[in-house]
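target.cif, holding mmCIF, C-alpha atoms and all ligand atoms:
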data_protein
loop_
_atom_site.label_atom_id
_atom_site.label_comp_id
_atom_site.auth_asym_id
_atom_site.auth_seq_id
_atom_site.Cartn_x
_atom_site.Cartn_y
_atom_site.Cartn_z
CA MET A 1 0.00 0.00 0.00
CA ALA A 2 2.79 2.40 0.92
CA ALA A 3 4.81 1.64 -2.19
CA SER A 4 1.83 2.06 -4.46
CA GLY A 5 0.97 5.20 -2.51
CA SER A 6 4.40 6.51 -3.39
CA ALA A 7 3.99 5.57 -7.03
CA VAL A 8 0.45 6.87 -7.42
CA GLY A 9 0.53 10.64 -7.24
CA LEU A 10 0.22 13.81 -9.26
CA GLY A 11 2.24 11.97 -11.89
CA ASN A 12 -0.67 9.61 -12.50
CA ILE A 13 -3.62 11.90 -12.16
CA TRP A 14 -2.13 15.05 -13.62
CA GLY A 15 1.03 14.04 -15.52
CA PHE A 16 -0.11 10.98 -17.39
CA PRO A 17 -3.45 12.21 -18.77
CA THR A 18 -2.06 15.59 -19.83
CA ASN A 19 0.96 13.97 -21.46
CA ALA A 20 -1.36 11.58 -23.27
CA ALA A 21 -3.60 14.45 -24.36
CA SER A 22 -0.72 16.39 -25.90
CA ASN A 23 0.98 13.34 -27.46
CA GLY A 24 -1.62 11.66 -29.62
CA GLY A 25 -3.87 10.09 -26.98
CA ALA A 26 -3.86 6.34 -27.33
CA ALA A 27 -0.52 6.34 -29.20
CA PHE A 28 1.05 7.71 -26.03
CA LEU A 29 -0.89 5.19 -23.97
CA CYS A 30 0.61 2.32 -26.02
CA ALA A 31 4.17 3.68 -25.80
CA TYR A 32 3.71 4.26 -22.09
CA LEU A 33 2.38 0.78 -21.40
CA PHE A 34 5.25 -0.75 -23.31
CA LEU A 35 7.97 1.35 -21.64
CA ALA A 36 6.47 1.01 -18.18
CA PHE A 37 6.46 -2.77 -18.32
CA ALA A 38 9.64 -3.20 -20.34
CA LEU A 39 11.90 -0.60 -18.72
CA ALA A 40 10.40 0.78 -15.55
CA TYR A 41 9.28 -2.50 -13.96
CA PRO A 42 12.76 -4.12 -14.20
CA ALA A 43 14.32 -0.93 -12.80
CA LEU A 44 11.77 -0.94 -9.97
CA MET A 45 12.74 -4.51 -9.15
CA ALA A 46 16.42 -3.55 -9.06
CA GLU A 47 15.68 -0.93 -6.39
CA LEU A 48 13.40 -3.14 -4.31
CA ILE A 49 15.85 -6.05 -4.28
CA ILE A 50 18.89 -3.92 -3.41
CA GLY A 51 16.90 -2.20 -0.68
CA ARG A 52 15.65 -5.36 0.97
CA ALA A 53 19.06 -7.03 0.85
CA ALA A 54 20.87 -4.04 2.35
CA ARG A 55 18.14 -2.91 4.76
CA ALA A 56 19.50 0.61 4.58
CA ASN A 57 19.15 4.02 2.93
CA GLY A 58 20.21 4.50 -0.70
CA ILE A 59 23.82 5.49 -0.11
CA SER A 60 24.64 2.77 2.43
CA ALA A 61 22.73 0.19 0.41
CA LEU A 62 24.59 0.85 -2.84
CA GLN A 63 27.87 0.90 -0.93
CA SER A 64 27.13 -2.40 0.75
CA ILE A 65 26.75 -4.20 -2.57
CA SER A 66 29.93 -2.64 -4.03
CA SER A 67 33.31 -4.15 -3.32
CA GLY A 68 36.12 -1.99 -4.77
CA ASN A 69 36.96 1.56 -3.71
CA ARG A 70 35.92 2.97 -7.02
CA SER A 71 32.50 1.36 -7.02
CA ARG A 72 31.98 2.45 -3.43
CA LEU A 73 32.68 6.02 -4.46
CA ALA A 74 30.30 5.66 -7.40
CA ALA A 75 27.73 4.23 -4.97
CA PHE A 76 28.06 7.29 -2.78
CA LEU A 77 27.72 9.67 -5.73
CA VAL A 78 24.66 7.91 -7.19
CA GLY A 79 22.96 7.65 -3.79
CA PHE A 80 23.72 11.26 -3.02
CA ALA A 81 22.56 12.48 -6.42
CA GLY A 82 19.32 10.56 -5.89
CA MET A 83 18.83 12.25 -2.54
CA ILE A 84 19.42 15.74 -3.96
CA THR A 85 17.13 14.98 -6.90
CA VAL A 86 14.30 13.81 -4.69
CA THR A 87 14.68 16.87 -2.45
CA PHE A 88 14.18 19.11 -5.48
CA ILE A 89 11.31 16.95 -6.73
CA LEU A 90 9.64 17.35 -3.35
CA SER A 91 10.15 21.11 -3.59
CA PHE A 92 8.21 21.51 -6.82
CA TYR A 93 5.77 18.79 -5.84
CA SER A 94 4.87 20.69 -2.67
CA ILE A 95 4.01 23.77 -4.72
CA VAL A 96 1.58 21.88 -6.96
CA SER A 97 0.19 19.97 -3.99
CA GLY A 98 -0.28 23.30 -2.22
CA TRP A 99 -2.46 24.46 -5.13
CA MET A 100 -4.53 21.30 -4.75
CA MET A 101 -5.03 21.98 -1.05
CA ALA A 102 -5.95 25.61 -1.71
CA HIS A 103 -8.62 24.48 -4.17
CA PHE A 104 -9.84 21.90 -1.68
CA PHE A 105 -10.34 24.64 0.93
CA ASP A 106 -11.90 26.82 -1.73
CA SER A 107 -14.66 24.22 -2.21
CA ILE A 108 -15.36 24.35 1.53
CA ALA A 109 -15.37 28.16 1.48
CA GLU A 110 -17.86 28.05 -1.40
CA ILE A 111 -20.16 25.68 0.45
CA PHE A 112 -20.33 28.26 3.24
CA LYS A 113 -20.56 31.11 0.72
CA LEU A 114 -17.41 32.78 2.04
CA MET A 115 -16.69 34.49 -1.25
CA THR A 116 -13.80 36.77 -0.18
CA ILE A 117 -11.91 33.80 1.21
CA SER A 118 -12.78 31.75 -1.83
CA ASN A 119 -11.41 34.44 -4.16
CA TRP A 120 -8.17 34.59 -2.23
CA LEU A 121 -7.85 30.80 -2.23
CA THR A 122 -8.13 30.64 -6.01
CA SER A 123 -5.85 33.61 -6.67
CA ASP A 124 -2.35 32.76 -7.81
CA ALA A 125 -0.73 35.10 -5.29
CA PRO A 126 2.74 34.18 -3.98
CA LEU A 127 1.45 34.62 -0.43
CA ARG A 128 -1.25 31.98 -0.91
CA ASN A 129 1.23 29.67 -2.63
CA SER A 130 3.79 30.10 0.15
CA LEU A 131 1.29 29.40 2.92
CA PHE A 132 0.06 26.24 1.25
CA VAL A 133 3.59 25.02 0.57
CA ILE A 134 4.29 25.41 4.28
CA LEU A 135 1.07 23.63 5.22
CA PHE A 136 1.73 20.75 2.85
CA VAL A 137 5.33 20.25 3.97
CA LEU A 138 4.18 20.39 7.60
CA LEU A 139 1.72 17.57 6.99
CA THR A 140 4.40 15.53 5.25
CA VAL A 141 6.84 16.14 8.12
CA LYS A 142 4.20 15.17 10.67
CA ILE A 143 3.57 11.79 9.03
CA ILE A 144 7.25 11.04 8.47
CA SER A 145 8.26 11.92 11.99
CA ALA A 146 5.71 9.37 13.26
CA GLY A 147 7.84 6.66 11.64
CA VAL A 148 7.34 3.82 9.19
CA LYS A 149 4.54 1.90 10.88
CA ASP A 150 2.57 4.65 12.57
CA GLY A 151 3.23 7.23 9.89
CA ILE A 152 3.87 5.92 6.39
CA GLU A 153 2.06 2.56 6.57
CA LYS A 154 -0.88 3.76 8.61
CA TRP A 155 -1.61 6.75 6.41
CA ALA A 156 -0.94 4.97 3.12
CA SER A 157 -3.42 2.24 4.00
CA ARG A 158 -6.04 4.78 4.97
CA LEU A 159 -5.55 7.12 2.08
CA MET A 160 -5.04 4.74 -0.84
CA PRO A 161 -8.47 3.04 -0.70
CA SER A 162 -10.18 6.44 -0.36
CA LEU A 163 -8.29 7.60 -3.41
CA LEU A 164 -9.51 4.67 -5.49
CA ILE A 165 -13.12 5.08 -4.42
CA LEU A 166 -13.11 8.83 -5.13
CA LEU A 167 -11.52 8.30 -8.51
CA ILE A 168 -14.09 5.73 -9.62
CA LEU A 169 -17.06 7.79 -8.39
CA LEU A 170 -15.76 10.84 -10.22
CA ILE A 171 -15.30 8.91 -13.47
CA PHE A 172 -18.88 7.62 -13.41
CA TYR A 173 -20.17 11.11 -12.87
CA VAL A 174 -18.02 12.92 -15.45
CA VAL A 175 -18.44 10.31 -18.18
CA SER A 176 -22.23 10.73 -17.96
CA LEU A 177 -22.00 14.45 -18.87
CA PRO A 178 -22.41 15.88 -22.38
CA GLY A 179 -19.15 16.15 -24.33
CA ALA A 180 -17.40 13.38 -22.37
CA VAL A 181 -17.45 10.94 -25.29
CA ASP A 182 -15.24 13.26 -27.37
CA GLY A 183 -12.65 13.13 -24.62
CA LEU A 184 -12.81 9.35 -24.50
CA ARG A 185 -12.30 9.27 -28.26
CA VAL A 186 -9.16 11.45 -28.08
CA TYR A 187 -7.83 9.28 -25.29
CA LEU A 188 -8.64 5.87 -26.69
CA VAL A 189 -8.40 6.17 -30.47
CA PRO A 190 -4.70 6.12 -31.37
CA ASP A 191 -2.98 8.45 -33.81
CA PHE A 192 -0.06 6.12 -34.56
CA SER A 193 1.66 8.67 -36.77
CA GLN A 194 2.80 10.32 -33.53
CA LEU A 195 4.73 7.20 -32.48
CA SER A 196 7.57 8.19 -34.80
CA ASP A 197 8.01 11.42 -32.86
CA PRO A 198 11.05 10.96 -30.57
CA ALA A 199 9.59 13.48 -28.12
CA LEU A 200 6.73 11.07 -27.46
CA LEU A 201 9.12 8.30 -26.38
CA VAL A 202 11.15 10.64 -24.19
CA ASP A 203 7.98 11.94 -22.56
CA ALA A 204 6.65 8.43 -22.05
CA MET A 205 9.91 7.24 -20.49
CA GLY A 206 10.20 10.26 -18.19
CA GLN A 207 6.59 9.73 -17.22
CA ALA A 208 7.13 6.04 -16.47
CA PHE A 209 10.20 6.71 -14.28
CA PHE A 210 8.55 9.57 -12.46
CA SER A 211 5.36 7.65 -11.94
CA LEU A 212 7.08 4.60 -10.47
CA SER A 213 9.19 6.89 -8.23
CA LEU A 214 12.42 5.50 -9.71
CA GLY A 215 16.06 6.51 -9.62
CA VAL A 216 16.02 8.52 -6.44
CA GLY A 217 16.15 5.79 -3.81
CA THR A 218 12.49 5.95 -2.77
CA MET A 219 11.66 2.43 -3.83
CA LEU A 220 15.00 1.26 -2.49
CA ILE A 221 14.23 2.60 0.96
CA TYR A 222 10.70 1.15 0.86
CA GLY A 223 12.28 -2.14 -0.25
CA SER A 224 14.41 -2.03 2.88
CA TYR A 225 11.24 -2.09 5.01
CA ILE A 226 9.74 -5.14 3.25
CA SER A 227 9.65 -8.42 5.14
CA ASP A 228 11.86 -11.30 3.96
CA LYS A 229 8.76 -13.42 3.60
CA GLU A 230 7.37 -11.35 0.73
CA ASN A 231 7.65 -12.53 -2.82
CA LEU A 232 9.45 -9.52 -4.34
CA PRO A 233 8.81 -10.05 -8.08
CA ALA A 234 5.08 -10.44 -7.40
CA LEU A 235 5.00 -7.49 -5.04
CA GLY A 236 6.87 -5.25 -7.49
CA GLY A 237 4.52 -6.44 -10.22
CA LEU A 238 1.53 -5.47 -8.13
CA VAL A 239 2.91 -2.01 -7.42
CA ALA A 240 3.66 -1.47 -11.11
CA LEU A 241 0.24 -2.76 -12.15
CA LEU A 242 -1.58 -0.56 -9.65
CA ASP A 243 0.43 2.47 -10.66
CA ILE A 244 -0.01 1.96 -14.39
CA GLY A 245 -3.66 0.99 -13.86
CA ILE A 246 -4.46 4.13 -11.90
CA ALA A 247 -2.74 6.34 -14.48
CA VAL A 248 -4.76 4.73 -17.26
CA ILE A 249 -7.98 5.04 -15.23
CA ALA A 250 -7.20 8.69 -14.38
CA GLY A 251 -7.10 9.34 -18.13
CA LEU A 252 -10.73 8.24 -18.21
CA LEU A 253 -11.49 11.09 -15.83
CA ILE A 254 -9.28 13.94 -17.00
CA LEU A 255 -9.75 13.81 -20.78
CA PRO A 256 -13.54 13.46 -20.69
CA ALA A 257 -13.57 16.26 -18.06
CA MET A 258 -11.66 18.52 -20.45
CA TYR A 259 -14.16 17.93 -23.23
CA VAL A 260 -17.11 18.40 -20.89
CA ALA A 261 -15.50 21.73 -20.01
CA LEU A 262 -15.19 22.55 -23.73
CA SER A 263 -18.83 21.79 -24.33
CA ASN A 264 -19.68 24.05 -21.37
CA GLY A 265 -17.80 26.90 -23.04
CA VAL A 266 -14.52 26.65 -21.09
CA GLU A 267 -11.34 27.20 -23.12
CA ILE A 268 -9.17 24.05 -23.16
CA PHE A 269 -6.73 24.93 -25.95
CA ASP A 270 -4.02 27.58 -25.69
CA SER A 271 -3.23 30.17 -28.38
CA ASN A 272 -1.19 27.61 -30.39
CA GLY A 273 -4.15 25.26 -30.57
CA GLU A 274 -2.47 22.89 -28.08
CA PHE A 275 -4.09 21.49 -24.97
CA ILE A 276 -3.67 23.56 -21.84
CA ALA A 277 -1.60 20.87 -20.21
CA GLY A 278 0.66 21.00 -17.17
CA PRO A 279 -0.41 22.78 -14.04
CA GLY A 280 -2.73 25.02 -16.08
CA LEU A 281 -5.08 22.15 -16.72
CA ILE A 282 -5.89 21.36 -13.16
CA VAL A 283 -5.88 24.84 -11.72
CA SER A 284 -7.69 26.64 -14.51
CA VAL A 285 -9.65 24.27 -16.71
CA LEU A 286 -11.05 21.97 -14.05
CA PRO A 287 -12.19 24.63 -11.54
CA ASN A 288 -13.91 26.40 -14.45
CA LEU A 289 -15.63 23.14 -15.32
CA PHE A 290 -16.80 22.63 -11.75
CA GLU A 291 -18.21 26.15 -11.76
CA THR A 292 -20.34 25.46 -14.82
CA MET A 293 -21.89 22.46 -13.06
CA GLY A 294 -23.95 24.52 -10.62
CA ALA A 295 -24.41 23.57 -6.96
CA GLY A 296 -23.35 19.92 -7.48
CA GLY A 297 -20.08 21.21 -8.96
CA ILE A 298 -18.89 22.29 -5.53
CA LEU A 299 -19.15 18.72 -4.23
CA VAL A 300 -17.41 17.32 -7.31
CA SER A 301 -14.68 19.90 -6.80
CA LEU A 302 -14.36 18.94 -3.14
CA ALA A 303 -14.05 15.27 -4.08
CA PHE A 304 -11.58 15.97 -6.87
CA PHE A 305 -9.22 18.15 -4.86
CA SER A 306 -9.27 15.83 -1.88
CA LEU A 307 -8.33 13.06 -4.31
CA MET A 308 -5.40 15.15 -5.54
CA THR A 309 -4.29 16.06 -2.02
CA ILE A 310 -4.38 12.43 -0.88
CA ALA A 311 -2.45 11.26 -3.94
CA SER A 312 0.19 13.95 -3.34
CA LEU A 313 0.59 13.20 0.32
CA THR A 314 1.22 9.47 -0.06
CA SER A 315 3.94 10.37 -2.58
CA SER A 316 5.49 13.28 -0.72
CA ILE A 317 6.03 11.19 2.40
CA SER A 318 7.98 8.67 0.36
CA MET A 319 10.16 11.47 -0.99
CA LEU A 320 10.95 12.94 2.41
CA GLU A 321 11.75 9.47 3.75
CA VAL A 322 14.80 9.30 1.43
CA PRO A 323 16.89 12.09 3.01
CA VAL A 324 15.39 11.43 6.45
CA SER A 325 16.42 7.76 6.50
CA TYR A 326 19.89 8.81 5.34
CA ALA A 327 20.20 11.38 8.14
CA ILE A 328 19.03 8.84 10.73
CA GLU A 329 21.17 5.93 9.58
CA TYR A 330 24.29 7.71 8.37
CA HIS A 331 24.50 10.58 10.85
CA GLY A 332 22.60 9.21 13.84
CA ILE A 333 20.14 12.13 13.97
CA SER A 334 16.73 11.41 15.53
CA ARG A 335 13.79 10.85 13.16
CA LYS A 336 11.90 13.85 14.44
CA ARG A 337 14.81 16.24 14.14
CA ALA A 338 15.78 14.97 10.72
CA SER A 339 12.20 15.34 9.43
CA ILE A 340 11.90 18.89 10.73
CA TRP A 341 15.24 20.14 9.42
CA ILE A 342 14.96 18.54 6.03
CA GLY A 343 11.33 19.69 5.82
CA ALA A 344 12.55 23.22 6.51
CA LEU A 345 15.14 22.97 3.76
CA VAL A 346 12.54 21.71 1.29
CA THR A 347 10.23 24.59 2.24
CA LEU A 348 13.03 27.08 1.62
CA ILE A 349 13.73 25.70 -1.85
CA SER A 350 9.99 25.65 -2.62
CA LEU A 351 9.63 29.28 -1.57
CA LEU A 352 12.58 30.23 -3.75
CA ILE A 353 10.75 28.63 -6.68
CA VAL A 354 7.42 30.25 -5.74
CA PHE A 355 8.99 33.71 -5.82
CA ASN A 356 10.92 33.05 -9.05
CA PHE A 357 8.31 30.84 -10.61
CA ASP A 358 8.82 31.51 -14.27
CA PRO A 359 12.42 30.76 -14.79
CA LEU A 360 12.70 28.14 -12.04
CA PHE A 361 9.64 25.88 -11.95
CA ASP A 362 9.89 24.35 -15.43
CA GLN A 363 13.64 24.07 -15.16
CA VAL A 364 13.55 22.21 -11.86
CA VAL A 365 10.85 19.87 -13.19
CA SER A 366 12.71 19.04 -16.35
CA ILE A 367 16.20 18.70 -14.83
CA THR A 368 14.99 16.40 -12.07
CA THR A 369 12.48 14.28 -13.95
CA GLU A 370 13.75 14.20 -17.52
CA LEU A 371 17.51 14.40 -16.99
CA SER A 372 18.27 13.06 -13.57
CA GLN A 373 15.68 10.33 -12.92
CA PRO A 374 16.25 8.17 -16.03
CA LEU A 375 20.04 8.43 -15.70
CA LEU A 376 19.94 7.48 -12.04
CA GLY A 377 17.52 4.66 -12.87
CA LEU A 378 20.15 3.47 -15.33
CA ALA A 379 22.79 3.64 -12.59
CA PHE A 380 20.62 1.51 -10.27
CA CYS A 381 20.32 -1.12 -13.03
CA ILE A 382 24.11 -1.11 -13.43
CA PHE A 383 24.59 -1.59 -9.70
CA ALA A 384 22.08 -4.46 -9.56
CA ALA A 385 23.41 -6.25 -12.62
CA TRP A 386 27.09 -5.38 -13.03
CA VAL A 387 28.36 -4.46 -9.58
CA TRP A 388 26.41 -6.83 -7.35
CA GLN A 389 27.16 -10.57 -7.40
CA ARG A 390 24.52 -12.53 -9.28
CA ASP A 391 24.42 -15.25 -6.59
CA GLU A 392 23.70 -12.65 -3.95
CA VAL A 393 20.84 -11.25 -5.97
CA LEU A 394 19.35 -14.70 -6.35
CA LYS A 395 19.80 -15.45 -2.66
CA GLU A 396 17.90 -12.28 -1.79
CA ILE A 397 14.96 -12.95 -4.11
CA LYS A 398 14.80 -16.58 -3.00
CA LYS A 399 14.04 -15.54 0.58
CA GLY A 400 10.41 -14.85 -0.20
CA SER A 401 10.07 -16.96 -3.32
CA PRO A 402 12.13 -20.16 -2.94
CA HIS A 403 11.35 -21.44 -6.43
CA VAL A 404 12.23 -18.28 -8.27
CA GLU A 405 15.21 -19.92 -10.00
CA ASN A 406 12.91 -21.77 -12.39
CA SER A 407 10.57 -18.86 -12.98
CA VAL A 408 10.26 -16.71 -16.07
CA PHE A 409 11.28 -13.77 -13.89
CA TRP A 410 14.72 -15.17 -13.12
CA ARG A 411 15.24 -16.31 -16.69
CA VAL A 412 14.52 -12.87 -18.09
CA TRP A 413 15.15 -10.19 -15.49
CA PRO A 414 18.94 -10.49 -14.87
CA PHE A 415 19.73 -10.36 -18.58
CA TYR A 416 17.22 -7.60 -18.95
CA VAL A 417 18.64 -5.23 -16.32
CA LYS A 418 22.14 -6.03 -17.45
CA PHE A 419 21.80 -5.29 -21.16
CA ILE A 420 18.39 -4.27 -22.40
CA CYS A 421 17.48 -1.64 -19.79
CA PRO A 422 20.74 0.34 -19.88
CA VAL A 423 20.92 0.37 -23.67
CA ALA A 424 17.23 1.17 -24.11
CA ILE A 425 17.31 3.96 -21.52
CA LEU A 426 20.35 5.47 -23.25
CA ILE A 427 18.79 5.23 -26.71
CA VAL A 428 15.56 6.88 -25.63
CA TYR A 429 17.57 9.42 -23.65
CA PHE A 430 19.76 10.53 -26.53
CA GLN A 431 16.80 10.68 -28.87
N1 LIG B 501 5.51 8.67 -8.31
C1 LIG B 501 5.07 9.94 -7.85
C2 LIG B 501 3.93 10.43 -8.75
O1 LIG B 501 3.55 9.80 -9.69
C3 LIG B 501 6.19 10.95 -7.81
C4 LIG B 501 7.44 10.52 -7.14
C5 LIG B 501 8.67 10.70 -7.77
C6 LIG B 501 7.43 9.98 -5.85
C7 LIG B 501 9.86 10.33 -7.17
C8 LIG B 501 8.62 9.61 -5.21
C9 LIG B 501 9.82 9.80 -5.87
O2 LIG B 501 3.40 11.47 -8.53
#
Output the structure of this file as structure tokens.
Amino acid sequence: MAASGSAVGLGNIWGFPTNAASNGGAAFLCAYLFLAFALAYPALMAELIIGRAARANGISALQSISSGNRSRLAAFLVGFAGMITVTFILSFYSIVSGWMMAHFFDSIAEIFKLMTISNWLTSDAPLRNSLFVILFVLLTVKIISAGVKDGIEKWASRLMPSLLILLILLIFYVVSLPGAVDGLRVYLVPDFSQLSDPALLVDAMGQAFFSLSLGVGTMLIYGSYISDKENLPALGGLVALLDIGIAVIAGLLILPAMYVALSNGVEIFDSNGEFIAGPGLIVSVLPNLFETMGAGGILVSLAFFSLMTIASLTSSISMLEVPVSYAIEYHGISRKRASIWIGALVTLISLLIVFNFDPLFDQVVSITTELSQPLLGLAFCIFAAWVWQRDEVLKEIKKGSPHVENSVFWRVWPFYVKFICPVAILIVYFQ
């Protein structure tokens, strides 16, 4: 539950549908499905297995499977780069999540007809953004400082089922509205001519790595909390399936919603005739849609933004856990202190971005998710397949699945992470 909570986030409900909308709908869906299963799942397994074997944070874990001095140094650099990357991801993530919370409170303000408050909550003022960043990081810090069992696991198992229920209810409602079928058509009828566009593959790969929380040590640290009794390939498969499944299902909500908005007179294309994707979609198009729905729209808006806030929170806690576990294990700092100090640092970076939004936001997003994550994912594959002893890997997987040696997984996966994943990631990357 916690690992799928980490995977399922804004990347699924906001990133995937908007990427699909701007990249040929179902053509993107096909590329994404292929890359997620063929590249991201094996990379996810690499992180989970290393994590469970080492039972430690990213840096110590990579070091413990490396033998020579040089590979230990590389282990430190990769682990450290992952930690810095995830800290920056959390910084931009908190800004977007803050918007979601502001809109959630706006729905409540509207129910009570508090229009001045509502107007402030939907304004894009830096003050509002800063306050909600602080609130969101505080919540994340609170859960993380409660620890793995009472914080992460408890909240993930409460929030994840609510997320699924809300998502399904919203889909049923939105799909029944006029205009929704056009959105379904754009999403589900492929325009295969777009598959030859290298940008589509790069987007789909970035999306798959971001969505499965790869390359930054999150899944590694969650792997380190998994019991030896668990069957890792099956568990990783379940996490990947849930994550990919929820992204695909979220597309059934977001694209129809955009076309319902269009048929209600809301603008969904920008001046170049392209979809208003990115943050603009959720904070401008959807609230406009909810407004055109009359009184019921307020409830739909409340449901939608609580969905977004829940999805963000189960992901943000997994991000903060990466530097926090490092500070606890490597430097002996207490969990509470580490969460507070690192939370404060994240807030500072977020505020820097809030006040310099235009140059910084897009740059931080693209450097961390398009540049850093796939390359670090590649590095994790190299550690699992080239640095670590093959017998040790097998011994680790066998703990929870004694017959794995004869399974398709063991016949395919080692070869896959050793050769196919690194080469494929590099090819897509240099495209
Ligand atoms: N997977 C999360 C999402 O889809 C984002 C994430 C990235 C979480 C990296 C942890 C680490 O929103």
Worksheet item: When the cut-off is 9 Å and you count all atoms listed in the file, which residues lie near ligand LIG 501 (chain B), shown as a ChimeraX atom specification?
Response: /A:4-16,85-86,89-90,93,207-219,243,247,311-312,314-320,322,369,373
Practice prompt. Quick one: residues within 10 Å of (-1.6, 16.7, -19.0) (file frame), counting all atoms listed in the file, please, as a list of chain:residue names.
Written response: A:Gly11, A:Asn12, A:Ile13, A:Trp14, A:Gly15, A:Phe16, A:Pro17, A:Thr18, A:Asn19, A:Ala20, A:Ala21, A:Ser22, A:Asn23, A:Gly251, A:Ile254, A:Leu255, A:Phe275, A:Ile276, A:Ala277, A:Gly278, A:Pro279, A:Gly280, A:Leu281, A:Ile282
Keeping C-alpha atoms for every residue in the selection just given, could you write it to a file as a PDB file, in the coordinates of the input?
ATOM      1  CA  GLY A  11       2.240  11.970 -11.890  1.00  0.00           C
ATOM      2  CA  ASN A  12      -0.670   9.610 -12.500  1.00  0.00           C
ATOM      3  CA  ILE A  13      -3.620  11.900 -12.160  1.00  0.00           C
ATOM      4  CA  TRP A  14      -2.130  15.050 -13.620  1.00  0.00           C
ATOM      5  CA  GLY A  15       1.030  14.040 -15.520  1.00  0.00           C
ATOM      6  CA  PHE A  16      -0.110  10.980 -17.390  1.00  0.00           C
ATOM      7  CA  PRO A  17      -3.450  12.210 -18.770  1.00  0.00           C
ATOM      8  CA  THR A  18      -2.060  15.590 -19.830  1.00  0.00           C
ATOM      9  CA  ASN A  19       0.960  13.970 -21.460  1.00  0.00           C
ATOM     10  CA  ALA A  20      -1.360  11.580 -23.270  1.00  0.00           C
ATOM     11  CA  ALA A  21      -3.600  14.450 -24.360  1.00  0.00           C
ATOM     12  CA  SER A  22      -0.720  16.390 -25.900  1.00  0.00           C
ATOM     13  CA  ASN A  23       0.980  13.340 -27.460  1.00  0.00           C
ATOM     14  CA  GLY A 251      -7.100   9.340 -18.130  1.00  0.00           C
ATOM     15  CA  ILE A 254      -9.280  13.940 -17.000  1.00  0.00           C
ATOM     16  CA  LEU A 255      -9.750  13.810 -20.780  1.00  0.00           C
ATOM     17  CA  PHE A 275      -4.090  21.490 -24.970  1.00  0.00           C
ATOM     18  CA  ILE A 276      -3.670  23.560 -21.840  1.00  0.00           C
ATOM     19  CA  ALA A 277      -1.600  20.870 -20.210  1.00  0.00           C
ATOM     20  CA  GLY A 278       0.660  21.000 -17.170  1.00  0.00           C
ATOM     21  CA  PRO A 279      -0.410  22.780 -14.040  1.00  0.00           C
ATOM     22  CA  GLY A 280      -2.730  25.020 -16.080  1.00  0.00           C
ATOM     23  CA  LEU A 281      -5.080  22.150 -16.720  1.00  0.00           C
ATOM     24  CA  ILE A 282      -5.890  21.360 -13.160  1.00  0.00           C
TER      25      ILE A 282
END
Discussion item. Set the distance at 7 Å and use all atoms listed in the file: which residues neighbour segment 376-387 of chain A once local chain neighbours fewer than 6 positions away are removed? I'd like the list as number ranges by chain.
Written reply: A: 43, 46-47, 50, 66, 78, 82, 214-216, 414, 417-418, 422, 425
May I have the residues within 10 Å of Pro42 of chain A as a PDB file with C-alpha atoms, keeping the file's coordinate frame, using only C-alpha atoms and disregarding those fewer than 5 positions away in the same chain?
ATOM      1  CA  ALA A  36       6.470   1.010 -18.180  1.00  0.00           C
ATOM      2  CA  PHE A  37       6.460  -2.770 -18.320  1.00  0.00           C
ATOM      3  CA  GLU A  47      15.680  -0.930  -6.390  1.00  0.00           C
ATOM      4  CA  LEU A  48      13.400  -3.140  -4.310  1.00  0.00           C
ATOM      5  CA  PRO A 233       8.810 -10.050  -8.080  1.00  0.00           C
ATOM      6  CA  GLY A 236       6.870  -5.250  -7.490  1.00  0.00           C
ATOM      7  CA  GLY A 237       4.520  -6.440 -10.220  1.00  0.00           C
ATOM      8  CA  ALA A 240       3.660  -1.470 -11.110  1.00  0.00           C
ATOM      9  CA  CYS A 381      20.320  -1.120 -13.030  1.00  0.00           C
ATOM     10  CA  PHE A 409      11.280 -13.770 -13.890  1.00  0.00           C
ATOM     11  CA  VAL A 412      14.520 -12.870 -18.090  1.00  0.00           C
ATOM     12  CA  TRP A 413      15.150 -10.190 -15.490  1.00  0.00           C
ATOM     13  CA  PRO A 414      18.940 -10.490 -14.870  1.00  0.00           C
ATOM     14  CA  TYR A 416      17.220  -7.600 -18.950  1.00  0.00           C
ATOM     15  CA  VAL A 417      18.640  -5.230 -16.320  1.00  0.00           C
ATOM     16  CA  ILE A 420      18.390  -4.270 -22.400  1.00  0.00           C
ATOM     17  CA  CYS A 421      17.480  -1.640 -19.790  1.00  0.00           C
TER      18      CYS A 421
END
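The gap separating atom CA of Leu232 of chain A from atom CA of Ile397 of chain A is 6.5 Å, in Å to one decimal.
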Discussion item. With all atoms listed in the file as the counted atoms, please give the residues lying no more than 9 Å from Met258 of chain A, apart from itself and same-chain residues fewer than 6 positions off, as a ChimeraX atom specification.
Written reply: /A:179-180,183,266,268,281,285-286,289
Worksheet entry | All residues 12 Å or closer to Phe34 of chain A, all atoms listed in the file, same chain fewer than 5 positions away omitted, as a count of residues only | 11
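Using only C-alpha atoms, the smallest distance between any of A:Arg55, A:Ser60, A:Ser366, A:Tyr330 and Leu73 of chain A comes from A:Ser60.
When atom CA of Val141 of chain A is paired with atom CA of Ser339 of chain A, their separation reads 5.6 Å.
For the residues A:Leu170, A:His103, A:Phe361, A:Gly297, ranking by smallest atom-to-atom distance to Arg128 of chain A using only C-alpha atoms places A:His103 first.
For the pair atom CA of Gly58 of chain A and atom CA of Asp228 of chain A, the interatomic distance is 18.5 Å.
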Worksheet entry | Shell of 10 Å around Lys142 of chain A, only C-alpha atoms, local chain residues under 4 positions omitted, as a list of chain:residue names | A:Phe136, A:Val137, A:Leu138, A:Ala146, A:Gly147, A:Gly151, A:Ile317, A:Lys336, A:Ser339, A:Ile340, A:Gly343
